[in-house]
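Below is input.cif, holding mmCIF, C-alpha atoms and all ligand atoms.
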```cif
data_data
loop_
_atom_site.label_atom_id
_atom_site.label_comp_id
_atom_site.auth_asym_id
_atom_site.auth_seq_id
_atom_site.Cartn_x
_atom_site.Cartn_y
_atom_site.Cartn_z
CA MET J 27 99.33 104.35 92.46
CA LYS J 28 97.09 103.65 89.45
CA THR J 29 93.42 104.58 89.21
CA ALA J 30 90.81 103.07 86.93
CA SER J 31 87.32 104.11 85.89
CA PHE J 32 84.65 101.45 85.29
CA GLY J 33 85.68 101.18 81.65
CA ALA J 34 89.11 100.04 82.74
CA VAL J 35 87.95 97.30 85.14
CA ASN J 36 88.92 94.53 82.76
CA ARG J 37 92.33 96.07 82.18
CA ALA J 38 92.79 96.40 85.95
CA ALA J 39 91.95 92.74 86.42
CA ALA J 40 94.24 91.73 83.60
CA GLY J 41 97.05 93.91 84.91
CA ALA J 42 96.75 92.70 88.47
CA ALA J 43 96.31 89.12 87.40
CA GLY J 44 99.38 89.36 85.23
CA ALA J 45 101.58 90.65 88.01
CA SER J 46 104.77 88.67 87.87
CA SER J 47 106.02 89.15 91.42
CA GLY J 48 103.70 88.84 94.39
CA GLY J 49 100.16 90.08 94.82
CA LYS J 50 98.95 93.60 94.29
CA THR J 51 96.79 95.60 96.65
CA VAL J 52 93.61 96.44 94.76
CA MET J 53 91.03 98.84 96.16
CA ILE J 54 87.53 98.43 94.70
CA THR J 55 84.68 100.78 95.54
CA GLY J 56 81.19 99.22 95.49
CA VAL J 57 82.55 95.82 96.39
CA SER J 58 79.52 94.30 98.12
CA LYS J 59 77.68 93.04 95.03
CA GLY J 60 77.63 92.97 91.25
CA LEU J 61 80.76 93.62 89.23
CA GLY J 62 82.78 94.88 92.21
CA ARG J 63 82.13 91.74 94.23
CA ALA J 64 82.91 89.47 91.28
CA LEU J 65 86.17 91.30 90.62
CA ALA J 66 87.13 91.13 94.32
CA LEU J 67 86.54 87.38 94.51
CA GLU J 68 88.43 86.69 91.29
CA LEU J 69 91.44 88.83 92.20
CA ALA J 70 91.56 87.39 95.74
CA LYS J 71 91.54 83.90 94.23
CA ARG J 72 94.58 84.93 92.18
CA GLY J 73 96.48 86.01 95.31
CA HIS J 74 95.85 89.74 95.40
CA THR J 75 94.84 91.69 98.50
CA ILE J 76 91.42 93.32 98.31
CA ILE J 77 90.48 96.60 99.92
CA GLY J 78 86.81 97.30 99.38
CA CYS J 79 84.03 99.60 100.43
CA SER J 80 80.28 99.93 100.19
CA ARG J 81 77.47 101.24 102.41
CA ALA J 82 75.94 98.01 103.77
CA GLN J 83 77.74 96.23 106.62
CA ASP J 84 75.79 92.97 106.24
CA LYS J 85 76.86 92.59 102.60
CA LEU J 86 80.46 93.40 103.50
CA ASN J 87 80.32 90.75 106.25
CA SER J 88 79.09 88.20 103.74
CA LEU J 89 81.90 89.07 101.31
CA GLN J 90 84.46 89.00 104.13
CA SER J 91 83.37 85.45 104.98
CA GLU J 92 83.70 84.38 101.37
CA LEU J 93 87.09 86.04 100.97
CA SER J 94 88.33 84.44 104.17
CA SER J 95 87.19 80.96 103.21
CA ASP J 96 90.72 80.23 101.93
CA HIS J 97 92.05 81.22 105.40
CA ASN J 98 93.42 84.51 104.07
CA ASN J 99 92.34 87.33 106.32
CA HIS J 100 94.49 90.05 104.86
CA HIS J 101 91.63 91.72 102.96
CA LEU J 102 90.13 94.95 104.28
CA LEU J 103 86.45 95.84 103.79
CA LEU J 104 85.13 99.13 105.13
CA ILE J 105 81.87 101.05 105.18
CA ALA J 106 81.99 104.20 103.04
CA ASP J 107 79.67 106.29 100.91
CA VAL J 108 81.54 107.55 97.85
CA ARG J 109 79.04 110.39 97.50
CA SER J 110 80.22 111.88 100.81
CA ASN J 111 83.54 113.75 100.87
CA SER J 112 83.97 113.18 104.60
CA SER J 113 83.27 109.47 104.23
CA VAL J 114 85.81 109.17 101.41
CA GLU J 115 88.40 111.11 103.42
CA GLU J 116 87.83 108.82 106.43
CA LEU J 117 88.14 105.79 104.14
CA ALA J 118 91.40 107.07 102.64
CA ARG J 119 92.88 107.66 106.09
CA ALA J 120 91.90 104.17 107.30
CA VAL J 121 93.22 102.48 104.15
CA ILE J 122 96.57 104.27 104.24
CA GLU J 123 96.96 103.59 107.95
CA LYS J 124 96.13 99.87 107.66
CA LYS J 125 97.38 98.93 104.18
CA GLY J 126 99.34 101.83 102.74
CA VAL J 127 98.66 103.24 99.26
CA PRO J 128 96.91 100.67 97.04
CA ASP J 129 98.60 99.60 93.80
CA ILE J 130 95.34 99.90 91.86
CA ILE J 131 92.04 101.67 92.57
CA VAL J 132 88.92 100.59 90.69
CA ASN J 133 86.28 103.32 90.92
CA ASN J 134 83.38 100.92 90.44
CA ALA J 135 80.77 102.51 92.74
CA VAL J 136 80.05 105.52 90.59
CA PRO J 137 76.31 106.19 90.74
CA LEU J 138 75.08 107.17 87.27
CA THR J 139 74.09 110.79 87.73
CA GLU J 140 74.12 113.62 85.25
CA THR J 141 77.57 114.58 86.54
CA THR J 142 79.13 111.14 86.31
CA ARG J 143 77.39 110.33 83.05
CA TYR J 144 78.67 113.41 81.28
CA GLY J 145 81.65 114.46 83.40
CA LYS J 146 85.16 114.39 82.04
CA PHE J 147 87.25 111.30 82.72
CA GLN J 148 90.97 111.14 82.32
CA ARG J 149 92.27 108.02 80.62
CA LYS J 150 95.38 106.60 82.31
CA SER J 151 97.60 103.76 81.29
CA LEU J 152 97.36 100.74 83.56
CA THR J 153 100.67 99.20 82.55
CA LEU J 154 102.10 97.60 85.70
N1 LIG O 201 76.08 96.02 85.20
C1 LIG O 201 76.15 96.65 84.02
O1 LIG O 201 75.67 96.17 82.98
C2 LIG O 201 76.84 98.01 83.91
C3 LIG O 201 76.90 98.66 82.68
C4 LIG O 201 77.54 99.90 82.60
C5 LIG O 201 78.08 100.48 83.73
N2 LIG O 201 77.99 99.84 84.91
C6 LIG O 201 78.59 100.47 86.08
O2 LIG O 201 79.38 99.52 86.77
C7 LIG O 201 79.35 99.78 88.14
C8 LIG O 201 78.91 98.52 88.90
O3 LIG O 201 77.70 98.05 88.32
P1 LIG O 201 76.92 96.83 88.98
O4 LIG O 201 75.91 96.40 88.00
O5 LIG O 201 77.89 95.82 89.50
O6 LIG O 201 76.20 97.61 90.19
P2 LIG O 201 75.48 97.00 91.49
O7 LIG O 201 75.25 95.53 91.37
O8 LIG O 201 74.31 97.89 91.74
O9 LIG O 201 76.56 97.23 92.65
C9 LIG O 201 76.93 98.52 92.99
C10 LIG O 201 77.89 98.44 94.15
O10 LIG O 201 78.24 99.77 94.51
C11 LIG O 201 77.90 100.00 95.89
N3 LIG O 201 77.51 101.39 96.00
C12 LIG O 201 76.48 102.01 95.38
N4 LIG O 201 76.44 103.31 95.72
C13 LIG O 201 77.48 103.50 96.60
C14 LIG O 201 77.94 104.62 97.32
N5 LIG O 201 77.35 105.82 97.24
N6 LIG O 201 79.03 104.46 98.12
C15 LIG O 201 79.65 103.26 98.23
N7 LIG O 201 79.24 102.15 97.57
C16 LIG O 201 78.15 102.28 96.76
C17 LIG O 201 76.80 98.98 96.19
O11 LIG O 201 76.77 98.60 97.56
P3 LIG O 201 75.86 99.31 98.68
O12 LIG O 201 74.51 99.56 98.05
O13 LIG O 201 75.86 98.35 99.80
O14 LIG O 201 76.56 100.59 99.03
C18 LIG O 201 77.29 97.78 95.37
O15 LIG O 201 78.29 97.09 96.09
C19 LIG O 201 78.40 100.97 88.34
O16 LIG O 201 79.17 102.12 88.39
C20 LIG O 201 77.56 100.93 87.08
O17 LIG O 201 77.08 102.23 86.79
C21 LIG O 201 77.38 98.62 85.04
#
```
Would you write the structure of this file as structure tokens?
Ligand SMILES: NC(=O)c1ccc[n+]([C@@H]2O[C@H](COP(=O)([O-])OP(=O)(O)OC[C@H]3O[C@@H](n4cnc5c(N)ncnc54)[C@H](OP(=O)(O)O)[C@@H]3O)[C@@H](O)[C@H]2O)c1
Amino acid sequence: MKTASFGAVNRAAAGAAGASSGGKTVMITGVSKGLGRALALELAKRGHTIIGCSRAQDKLNSLQSELSSDHNNHHLLLIADVRSNSSVEELARAVIEKKGVPDIIVNNAVPLTETTRYGKFQRKSLTL
């Protein structure tokens, strides 16, 4: 499993998009709007399976409709708050149960707090 911070979103998209055999399963946090939503729609269009989370059910419903417009219903969108350990644990359990371990995780929903702004991030290669 690969993980990616926001700075690696483009590399994640490029890596997933460049996959030579079959689609990847890409989990994107903060998928209901903004960059996360745009990435989800683009990767789905390229044949990848999207697993996404955010806090607002109505926005997830809207994205689910858009993702399913090509008659592909294999995407999985779930309510979760990434600031809550219990919510993230519940999300992880549901994802693994329904889809297995994702190929790529894009940690997009990282609220800019003092901790996230100045915390240490580990740079990982996203070569697929
Ligand atoms: N846009 C930029 O120019 C820019 C520049 C530098 C860095 N970034 C970073 O890139 C990321 C995305 O930016 P954006 O502009 O696309 O943001 P955005 O439009 O505000 O979207 C944020 C997404 O994250 C979700 N979210 C927020 N808090 C969450 C939480 N606690 N748990 C789960 N989901 C949560 C939101 O959905 P709900 O509210 O429904 O939960 C939404 O889907 C952020 O981490 C931002 O700090 C953006």
Practice problem: Name each residue within 6 Å of ligand LIG 201 (chain O), counting all atoms listed in the file, as a ChimeraX atom specification. | Solution: /J:32,55-62,80-82,106-109,134-138
Quiz item: Which of these, J:Arg72, J:Asn111, J:Cys79, J:Gly48, has the shortest distance to J:Val132 once you count only C-alpha atoms?
Solution: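 So, comparing all the options, the nearest one is J:Cys79.
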Quiz prompt | Between atom CA of J:Ser113 and atom CA of J:Ser94 - distance in Å to one decimal | solution =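 Separation between atom CA of J:Ser94 and atom CA of J:Ser113: 25.5 Å.
Closest approach to J:Ala120 from the set J:Leu93, J:Ala70, J:Leu103, J:Ile76 is made by J:Leu103, with distances taken over only C-alpha atoms.
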Quiz prompt | Distance in Å - atom CA of J:Leu86 versus atom CA of J:Lys124 | solution =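 Calculated distance between atom CA of J:Leu86 and atom CA of J:Lys124 is 17.5 Å.
The space between atom CA of J:Ile105 and atom CA of J:Asp84 spans 10.2 Å.
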